[in-house]
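Enquirer: Contents of final10.cif (mmCIF, C-alpha atoms):
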```
data_start
#
loop_
_atom_site.group_PDB
_atom_site.id
_atom_site.type_symbol
_atom_site.label_atom_id
_atom_site.label_comp_id
_atom_site.auth_asym_id
_atom_site.auth_seq_id
_atom_site.Cartn_x
_atom_site.Cartn_y
_atom_site.Cartn_z
ATOM 1 C CA MET H 2 101.780 73.832 102.881
ATOM 2 C CA SER H 3 103.835 70.814 101.900
ATOM 3 C CA LYS H 4 102.397 68.085 99.722
ATOM 4 C CA ASN H 5 103.131 65.492 102.434
ATOM 5 C CA LYS H 6 100.900 67.205 105.025
ATOM 6 C CA LEU H 7 97.852 67.614 102.753
ATOM 7 C CA PRO H 8 96.796 63.918 102.797
ATOM 8 C CA VAL H 9 97.183 63.812 106.593
ATOM 9 C CA ILE H 10 95.047 66.944 107.027
ATOM 10 C CA ILE H 11 92.369 65.576 104.692
ATOM 11 C CA ALA H 12 92.356 62.239 106.549
ATOM 12 C CA VAL H 13 91.963 64.031 109.903
ATOM 13 C CA ILE H 14 89.103 66.191 108.570
ATOM 14 C CA VAL H 15 87.308 63.140 107.139
ATOM 15 C CA LEU H 16 87.777 61.292 110.443
ATOM 16 C CA ILE H 17 86.398 64.228 112.461
ATOM 17 C CA ILE H 18 83.398 64.613 110.157
ATOM 18 C CA SER H 19 82.644 60.883 110.249
ATOM 19 C CA LEU H 20 82.848 60.821 114.053
ATOM 20 C CA ALA H 21 80.510 63.794 114.340
ATOM 21 C CA CYS H 22 77.838 62.160 112.188
ATOM 22 C CA VAL H 23 75.351 59.480 113.033
ATOM 23 C CA ILE H 24 75.055 56.895 110.290
ATOM 24 C CA ASN H 25 71.578 55.576 109.484
ATOM 25 C CA ILE H 26 71.860 51.836 108.950
ATOM 26 C CA GLY H 27 68.241 51.105 108.052
ATOM 27 C CA GLY H 28 65.546 49.067 109.703
ATOM 28 C CA PRO H 29 61.805 48.892 109.109
ATOM 29 C CA ASP H 30 60.078 51.899 107.579
ATOM 30 C CA TYR H 31 57.812 54.054 109.697
ATOM 31 C CA PRO H 32 54.217 54.057 108.463
ATOM 32 C CA THR H 33 53.504 57.010 106.175
ATOM 33 C CA ASN H 34 51.058 58.736 108.520
ATOM 34 C CA SER H 35 52.871 60.422 111.399
ATOM 35 C CA ILE H 36 51.202 60.710 114.798
ATOM 36 C CA PRO H 37 51.627 64.056 116.555
ATOM 37 C CA VAL H 38 53.060 64.244 120.067
ATOM 38 C CA SER H 39 51.464 66.779 122.388
ATOM 39 C CA SER H 40 51.076 67.614 126.044
ATOM 40 C CA GLU H 41 47.403 68.285 125.292
ATOM 41 C CA ALA H 42 46.963 64.603 124.426
ATOM 42 C CA LEU H 43 48.369 63.606 127.831
ATOM 43 C CA VAL H 44 46.042 66.014 129.632
ATOM 44 C CA SER H 45 43.142 64.767 127.506
ATOM 45 C CA LEU H 46 43.896 61.175 128.501
ATOM 46 C CA GLN H 47 44.036 62.085 132.190
ATOM 47 C CA ASP H 48 40.791 64.069 131.988
ATOM 48 C CA GLN H 49 39.032 61.308 130.086
ATOM 49 C CA ILE H 50 40.027 58.703 132.640
ATOM 50 C CA LYS H 51 39.080 60.932 135.555
ATOM 51 C CA SER H 52 35.648 61.390 134.003
ATOM 52 C CA ALA H 53 35.247 57.647 133.373
ATOM 53 C CA VAL H 54 36.172 56.879 136.989
ATOM 54 C CA GLU H 55 33.702 59.466 138.289
ATOM 55 C CA ASN H 56 30.933 58.019 136.100
ATOM 56 C CA SER H 57 31.741 54.495 137.293
ATOM 57 C CA ALA H 58 30.704 55.405 140.837
ATOM 58 C CA GLN H 59 27.087 55.030 139.733
ATOM 59 C CA THR H 60 27.354 52.024 137.405
ATOM 60 C CA GLY H 61 30.470 50.201 138.579
ATOM 61 C CA GLN H 62 31.595 49.949 134.948
ATOM 62 C CA ILE H 63 34.379 51.910 133.240
ATOM 63 C CA THR H 64 34.922 52.386 129.530
ATOM 64 C CA ILE H 65 38.114 54.121 128.429
ATOM 65 C CA PHE H 66 39.274 55.045 124.941
ATOM 66 C CA ILE H 67 42.975 55.564 124.328
ATOM 67 C CA THR H 68 43.940 57.062 120.974
ATOM 68 C CA GLU H 69 47.149 56.689 118.998
ATOM 69 C CA THR H 70 47.999 60.318 119.745
ATOM 70 C CA GLN H 71 47.509 59.810 123.485
ATOM 71 C CA LEU H 72 49.614 56.630 123.584
ATOM 72 C CA THR H 73 52.323 58.110 121.337
ATOM 73 C CA SER H 74 52.464 61.243 123.504
ATOM 74 C CA PHE H 75 52.642 59.131 126.673
ATOM 75 C CA LEU H 76 55.508 57.008 125.291
ATOM 76 C CA ALA H 77 57.373 60.068 123.999
ATOM 77 C CA ASP H 78 57.057 61.699 127.421
ATOM 78 C CA LYS H 79 58.297 58.587 129.233
ATOM 79 C CA PHE H 80 61.199 57.917 126.853
ATOM 80 C CA SER H 81 62.311 61.566 126.889
ATOM 81 C CA SER H 82 62.574 61.464 130.686
ATOM 82 C CA GLN H 83 65.025 58.531 130.564
ATOM 83 C CA GLU H 84 68.761 59.166 130.523
ATOM 84 C CA ASN H 85 69.444 56.525 127.854
ATOM 85 C CA PRO H 86 66.099 55.679 126.282
ATOM 86 C CA ILE H 87 65.752 52.413 124.396
ATOM 87 C CA ILE H 88 63.764 54.210 121.700
ATOM 88 C CA THR H 89 63.456 57.805 120.536
ATOM 89 C CA LEU H 90 60.800 59.357 118.282
ATOM 90 C CA PRO H 91 58.117 56.773 119.159
ATOM 91 C CA GLN H 92 54.967 56.345 117.113
ATOM 92 C CA ALA H 93 52.207 54.077 118.468
ATOM 93 C CA TYR H 94 49.589 52.676 116.116
ATOM 94 C CA LEU H 95 46.481 50.897 117.374
ATOM 95 C CA GLN H 96 45.309 48.676 114.536
ATOM 96 C CA ASN H 97 43.955 45.185 113.935
ATOM 97 C CA GLY H 98 44.097 44.056 117.564
ATOM 98 C CA GLN H 99 47.738 45.112 117.914
ATOM 99 C CA ILE H 100 49.784 47.874 119.474
ATOM 100 C CA GLN H 101 52.427 48.686 116.864
ATOM 101 C CA ILE H 102 55.291 50.854 118.097
ATOM 102 C CA TYR H 103 57.882 52.352 115.764
ATOM 103 C CA GLY H 104 60.886 54.348 116.822
ATOM 104 C CA THR H 105 64.564 55.039 116.390
ATOM 105 C CA VAL H 106 67.468 53.408 118.224
ATOM 106 C CA ILE H 107 70.862 55.072 118.418
ATOM 107 C CA LYS H 108 73.901 53.062 119.490
ATOM 108 C CA GLY H 109 77.087 55.076 119.341
ATOM 109 C CA TYR H 110 77.332 56.501 115.832
ATOM 110 C CA LEU H 111 74.765 54.118 114.378
ATOM 111 C CA LYS H 112 71.054 54.798 114.060
ATOM 112 C CA ALA H 113 68.308 52.378 112.989
ATOM 113 C CA SER H 114 64.536 52.420 112.898
ATOM 114 C CA VAL H 115 62.702 49.736 114.858
ATOM 115 C CA SER H 116 59.254 48.222 115.091
ATOM 116 C CA ILE H 117 57.681 46.410 118.016
ATOM 117 C CA ILE H 118 54.317 44.699 117.824
ATOM 118 C CA LEU H 119 52.370 43.805 120.963
ATOM 119 C CA THR H 120 49.132 41.868 121.286
ATOM 120 C CA ALA H 121 46.881 42.765 124.204
ATOM 121 C CA SER H 122 44.662 40.306 126.030
ATOM 122 C CA ILE H 123 43.078 39.792 129.424
ATOM 123 C CA ASN H 124 44.526 37.288 131.875
ATOM 124 C CA SER H 125 42.469 35.100 134.224
ATOM 125 C CA GLU H 126 42.606 37.774 136.959
ATOM 126 C CA GLY H 127 41.110 40.436 134.693
ATOM 127 C CA LYS H 128 44.408 42.275 134.195
ATOM 128 C CA LEU H 129 45.941 43.570 130.977
ATOM 129 C CA GLN H 130 48.425 41.126 129.470
ATOM 130 C CA LEU H 131 50.758 42.210 126.676
ATOM 131 C CA GLU H 132 52.621 39.751 124.494
ATOM 132 C CA LEU H 133 55.541 40.748 122.310
ATOM 133 C CA THR H 134 54.506 39.405 118.896
ATOM 134 C CA SER H 135 57.513 40.670 116.961
ATOM 135 C CA ALA H 136 60.428 43.066 117.195
ATOM 136 C CA ASP H 137 62.577 44.329 114.335
ATOM 137 C CA PHE H 138 65.610 46.378 115.335
ATOM 138 C CA GLY H 139 67.067 46.452 111.839
ATOM 139 C CA PRO H 140 70.657 45.253 111.986
ATOM 140 C CA PHE H 141 70.857 45.601 115.790
ATOM 141 C CA PRO H 142 70.180 42.578 117.993
ATOM 142 C CA VAL H 143 66.948 42.898 119.939
ATOM 143 C CA PRO H 144 67.854 43.860 123.531
ATOM 144 C CA GLU H 145 66.935 41.264 126.154
ATOM 145 C CA SER H 146 65.296 43.934 128.294
ATOM 146 C CA LEU H 147 63.032 45.052 125.450
ATOM 147 C CA LYS H 148 59.965 42.991 126.294
ATOM 148 C CA GLU H 149 59.924 44.109 129.908
ATOM 149 C CA ALA H 150 60.644 47.767 129.123
ATOM 150 C CA ILE H 151 58.046 48.194 126.379
ATOM 151 C CA THR H 152 55.454 46.055 128.137
ATOM 152 C CA SER H 153 55.849 48.010 131.367
ATOM 153 C CA LEU H 154 55.556 51.371 129.585
ATOM 154 C CA VAL H 155 52.356 50.429 127.745
ATOM 155 C CA THR H 156 50.971 48.800 130.899
ATOM 156 C CA GLU H 157 51.854 51.966 132.823
ATOM 157 C CA ALA H 158 49.903 54.022 130.296
ATOM 158 C CA TYR H 159 46.914 51.828 131.112
ATOM 159 C CA THR H 160 47.247 51.344 134.894
ATOM 160 C CA GLY H 161 48.860 54.687 135.660
ATOM 161 C CA ALA H 162 46.018 56.433 133.953
ATOM 162 C CA LEU H 163 43.473 54.558 136.047
ATOM 163 C CA GLY H 164 45.236 55.729 139.185
ATOM 164 C CA PRO H 165 43.662 54.734 142.488
ATOM 165 C CA VAL H 166 40.986 52.489 140.947
ATOM 166 C CA ALA H 167 43.563 50.345 139.109
ATOM 167 C CA THR H 168 43.847 47.912 142.014
ATOM 168 C CA GLY H 169 40.097 47.331 142.184
ATOM 169 C CA PHE H 170 39.617 47.310 138.427
ATOM 170 C CA ARG H 171 38.790 44.093 136.580
ATOM 171 C CA LEU H 172 39.182 44.158 132.830
ATOM 172 C CA GLU H 173 36.263 42.645 130.913
ATOM 173 C CA GLY H 174 37.118 43.548 127.337
ATOM 174 C CA ILE H 175 39.726 45.199 125.154
ATOM 175 C CA ILE H 176 39.349 46.166 121.519
ATOM 176 C CA ILE H 177 42.133 47.651 119.414
ATOM 177 C CA ALA H 178 41.149 48.938 115.971
ATOM 178 C CA ASN H 179 41.054 52.003 113.757
ATOM 179 C CA GLY H 180 43.478 54.084 115.812
ATOM 180 C CA ALA H 181 41.986 53.514 119.260
ATOM 181 C CA MET H 182 41.997 51.077 122.140
ATOM 182 C CA MET H 183 38.755 50.628 124.039
ATOM 183 C CA ILE H 184 39.077 49.175 127.503
ATOM 184 C CA ILE H 185 35.969 47.985 129.304
ATOM 185 C CA GLY H 186 36.070 46.975 132.935
ATOM 186 C CA ARG H 187 34.347 46.862 136.230
ATOM 187 C CA ILE H 188 35.313 48.209 139.624
ATOM 188 C CA ASP H 189 35.136 45.430 142.203
#
```
I'd like the structure from this file rewritten - as structure tokens, please.

Expert:
Amino acid sequence: MSKNKLPVIIAVIVLIISLACVINIGGPDYPTNSIPVSSEALVSLQDQIKSAVENSAQTGQITIFITETQLTSFLADKFSSQENPIITLPQAYLQNGQIQIYGTVIKGYLKASVSIILTASINSEGKLQLELTSADFGPFPVPESLKEAITSLVTEAYTGALGPVATGFRLEGIIIANGAMMIIGRID
């Protein structure tokens, strides 16, 4: 092999290797405790809500607990079904009145970790209202569609789980702490 071709071959190999790799460019750190994703958590959430709805037939009141594992599993399931998900590897933490979502964003050959913090409240009609408190996409600009996409997914976890009673359900209280979200409401 001639000495003139060796630098060209090395440059081509380096270019191919760099194109095949995804470069991590930082972003916020995930919390140290990882939340497992499981289909059992999704089934558990559905069963729990079904039971709460059945019990509400006598009292008119529903109390639902959603855990970090259930919400993380729900988000992972929803994101994995999208062709180009906004976030991969989601982790949802329910702490201090906030829904904290961490994940990974991949744009081309660049990868960054992200954090999204939502605050939940009840609007005047007794419906869940989520407010985007902060979003950190590392060096990436925060996508304009982020608020709507994340808000609709978390809202879907809440309303979709309630199923047919969601339209006649009036939220009376919501507490987020210690890894769980408790939703208290009444069927009108």

Enquirer: Smallest atom-to-atom distance to Gly61 in chain H: which of H:Ile177, H:Ser74, H:Arg171, H:Leu90, using all atoms listed in the file?

Expert: H:Arg171

Enquirer: The PyMOL selection byres ((chain H and resi 187) around 8) on the file shown: which residues, as a list in words?

Expert: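 Applied to this file, the PyMOL selection byres ((chain H and resi 187) around 8) selects Gly61, Gln62, Ile63, Phe170, Arg171, Leu172, Glu173, Ile185, Gly186, Ile188 and Asp189 of chain H.
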
Enquirer: Provide the CA of Ile151 in chain H to CA of Ala42 in chain H distance in Å, to one decimal place.

Expert: 19.9 Å

Enquirer: If you count only C-alpha atoms, which residues fall within 12 Å of Asn85 in chain H, apart from same-chain ones fewer than 4 positions away, as number ranges by chain?

Expert: H: 79-81, 89, 106-109

Enquirer: Can you measure CA of Pro140 in chain H to CA of Ile36 in chain H for me? One decimal in Å is fine.

Expert: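 Between CA of Pro140 in chain H and CA of Ile36 in chain H the gap is 25.0 Å.
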
Enquirer: Any idea what the distance is between CA of Val44 in chain H and CA of Thr120 in chain H?

Expert: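 Interatomic distance here is 25.7 Å.
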
Enquirer: Taking all atoms listed in the file into account, which of H:Ser40, H:Thr33, H:Gln101, H:Gln49 comes nearest Leu133 in chain H?

Expert: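 Ranking H:Ser40, H:Thr33, H:Gln101, H:Gln49 by distance to Leu133 in chain H, first place goes to H:Gln101.
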
Enquirer: Looking at H:Thr70, H:Leu76, H:Ser153, H:Leu131, which one is nearest to Glu41 in chain H, with distances taken over all atoms listed in the file?

Expert: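 Smallest separation from Glu41 in chain H among the options: H:Thr70.
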
Enquirer: Give as a PyMOL selection string each residue that has an atom at most 12 Å from (47.9, 48.8, 117.9) in the file, counting all atoms listed in the file.

Expert: chain H and resi 67-70+72-73+92-103+116-121+131+133-134+155+175-183

Enquirer: Specify as a PyMOL selection string each residue included when the PyMOL selection byres ((chain H and resi 54) around 10) is applied to this file.

Expert: chain H and resi 48-53+55-59+61-65+163-166+188

Enquirer: Between H:Val115, H:Pro86, H:Ala150, H:Ser122, which one has atoms that come closest to Ser135 in chain H, using only C-alpha atoms?

Expert: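 Nearest to Ser135 in chain H: H:Val115.
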
Enquirer: With all atoms listed in the file as the basis for distance, which of H:Ser39, H:Gly28, H:Ile87, H:Glu132 is at the shortest distance from Ser146 in chain H?

Expert: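 Counting all atoms listed in the file, the residue closest to Ser146 in chain H is H:Ile87.
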
Enquirer: I want to know what sits within 7 Å of Gly139 in chain H, based on all atoms listed in the file, with residues of the same chain fewer than 2 positions away left out; could you give that as a ChimeraX atom specification?

Expert: /H:27-29,113-115,137,141

Enquirer: Okay, now the selection with C-alpha atoms, as an mmCIF file, in the coordinates of the input?

Expert:
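After the write, out.cif holds the following:
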```
data_model
loop_
_atom_site.group_PDB
_atom_site.id
_atom_site.type_symbol
_atom_site.label_atom_id
_atom_site.label_comp_id
_atom_site.auth_asym_id
_atom_site.auth_seq_id
_atom_site.Cartn_x
_atom_site.Cartn_y
_atom_site.Cartn_z
ATOM 1 C CA GLY H 27 68.241 51.105 108.052
ATOM 2 C CA GLY H 28 65.546 49.067 109.703
ATOM 3 C CA PRO H 29 61.805 48.892 109.109
ATOM 4 C CA ALA H 113 68.308 52.378 112.989
ATOM 5 C CA SER H 114 64.536 52.420 112.898
ATOM 6 C CA VAL H 115 62.702 49.736 114.858
ATOM 7 C CA ASP H 137 62.577 44.329 114.335
ATOM 8 C CA PHE H 141 70.857 45.601 115.790
#
```

Enquirer: If you take every atom of range 112-124 of chain H that the file lists and fit an axis-aligned box around them with 5 Å extra on each side, what centre and edge lengths come out in Å to one decimal, as lines of an AutoDock Vina configuration file?

Expert:
```
center_x = 57.1
center_y = 46.0
center_z = 122.4
size_x = 38.0
size_y = 27.5
size_z = 29.0
```

Enquirer: Hey, which of H:Gln71, H:Asn124, H:Asn34, H:Thr105 ends up closest to Leu46 in chain H? Count only C-alpha atoms.

Expert: H:Gln71

Enquirer: Output range 114-125 of chain H as an mmCIF file, in the coordinates of the input, making sure all heavy atoms are there.

Expert:
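The resulting out30.cif:
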```cif
data_model
loop_
_atom_site.group_PDB
_atom_site.id
_atom_site.type_symbol
_atom_site.label_atom_id
_atom_site.label_comp_id
_atom_site.auth_asym_id
_atom_site.auth_seq_id
_atom_site.Cartn_x
_atom_site.Cartn_y
_atom_site.Cartn_z
ATOM 1 N N SER H 114 65.947 52.382 112.521
ATOM 2 C CA SER H 114 64.536 52.420 112.898
ATOM 3 C C SER H 114 64.136 51.029 113.382
ATOM 4 O O SER H 114 64.736 50.025 112.993
ATOM 5 C CB SER H 114 63.660 52.882 111.737
ATOM 6 O OG SER H 114 63.827 52.055 110.628
ATOM 7 N N VAL H 115 63.129 50.990 114.255
ATOM 8 C CA VAL H 115 62.702 49.736 114.858
ATOM 9 C C VAL H 115 61.184 49.640 114.834
ATOM 10 O O VAL H 115 60.493 50.651 114.750
ATOM 11 C CB VAL H 115 63.198 49.599 116.321
ATOM 12 C CG1 VAL H 115 64.704 49.657 116.390
ATOM 13 C CG2 VAL H 115 62.594 50.665 117.211
ATOM 14 N N SER H 116 60.693 48.426 114.912
ATOM 15 C CA SER H 116 59.254 48.222 115.091
ATOM 16 C C SER H 116 59.050 47.137 116.136
ATOM 17 O O SER H 116 59.812 46.166 116.209
ATOM 18 C CB SER H 116 58.564 47.841 113.783
ATOM 19 O OG SER H 116 58.876 46.528 113.415
ATOM 20 N N ILE H 117 58.034 47.346 116.949
ATOM 21 C CA ILE H 117 57.681 46.410 118.016
ATOM 22 C C ILE H 117 56.176 46.217 117.931
ATOM 23 O O ILE H 117 55.430 47.190 117.874
ATOM 24 C CB ILE H 117 58.060 46.991 119.393
ATOM 25 C CG1 ILE H 117 59.563 47.262 119.449
ATOM 26 C CG2 ILE H 117 57.618 46.061 120.521
ATOM 27 C CD1 ILE H 117 59.950 48.296 120.448
ATOM 28 N N ILE H 118 55.750 44.981 117.900
ATOM 29 C CA ILE H 118 54.317 44.699 117.824
ATOM 30 C C ILE H 118 53.912 43.901 119.058
ATOM 31 O O ILE H 118 54.501 42.865 119.364
ATOM 32 C CB ILE H 118 53.957 43.955 116.535
ATOM 33 C CG1 ILE H 118 54.327 44.845 115.341
ATOM 34 C CG2 ILE H 118 52.474 43.594 116.513
ATOM 35 C CD1 ILE H 118 54.100 44.246 114.000
ATOM 36 N N LEU H 119 52.892 44.429 119.757
ATOM 37 C CA LEU H 119 52.370 43.805 120.963
ATOM 38 C C LEU H 119 50.914 43.414 120.734
ATOM 39 O O LEU H 119 50.175 44.132 120.057
ATOM 40 C CB LEU H 119 52.430 44.777 122.144
ATOM 41 C CG LEU H 119 53.803 45.328 122.516
ATOM 42 C CD1 LEU H 119 53.656 46.539 123.429
ATOM 43 C CD2 LEU H 119 54.642 44.275 123.178
ATOM 44 N N THR H 120 50.526 42.292 121.303
ATOM 45 C CA THR H 120 49.132 41.868 121.286
ATOM 46 C C THR H 120 48.611 41.951 122.711
ATOM 47 O O THR H 120 49.253 41.464 123.641
ATOM 48 C CB THR H 120 49.005 40.421 120.760
ATOM 49 O OG1 THR H 120 49.601 40.364 119.464
ATOM 50 C CG2 THR H 120 47.562 40.004 120.657
ATOM 51 N N ALA H 121 47.464 42.588 122.876
ATOM 52 C CA ALA H 121 46.881 42.765 124.204
ATOM 53 C C ALA H 121 45.780 41.743 124.427
ATOM 54 O O ALA H 121 45.013 41.427 123.524
ATOM 55 C CB ALA H 121 46.314 44.171 124.339
ATOM 56 N N SER H 122 45.732 41.226 125.642
ATOM 57 C CA SER H 122 44.662 40.306 126.030
ATOM 58 C C SER H 122 44.390 40.500 127.518
ATOM 59 O O SER H 122 45.017 41.323 128.176
ATOM 60 C CB SER H 122 45.052 38.860 125.721
ATOM 61 O OG SER H 122 46.205 38.485 126.446
ATOM 62 N N ILE H 123 43.453 39.725 128.014
ATOM 63 C CA ILE H 123 43.078 39.792 129.424
ATOM 64 C C ILE H 123 43.463 38.466 130.073
ATOM 65 O O ILE H 123 43.108 37.398 129.571
ATOM 66 C CB ILE H 123 41.563 40.020 129.570
ATOM 67 C CG1 ILE H 123 41.154 41.278 128.805
ATOM 68 C CG2 ILE H 123 41.154 40.100 131.031
ATOM 69 C CD1 ILE H 123 39.661 41.435 128.631
ATOM 70 N N ASN H 124 44.173 38.530 131.195
ATOM 71 C CA ASN H 124 44.526 37.288 131.875
ATOM 72 C C ASN H 124 43.363 36.824 132.765
ATOM 73 O O ASN H 124 42.336 37.493 132.872
ATOM 74 C CB ASN H 124 45.853 37.418 132.647
ATOM 75 C CG ASN H 124 45.769 38.331 133.848
ATOM 76 O OD1 ASN H 124 44.691 38.685 134.336
ATOM 77 N ND2 ASN H 124 46.933 38.723 134.355
ATOM 78 N N SER H 125 43.552 35.700 133.423
ATOM 79 C CA SER H 125 42.469 35.100 134.224
ATOM 80 C C SER H 125 42.063 35.958 135.423
ATOM 81 O O SER H 125 40.972 35.791 135.960
ATOM 82 C CB SER H 125 42.883 33.709 134.703
ATOM 83 O OG SER H 125 44.036 33.795 135.515
#
```
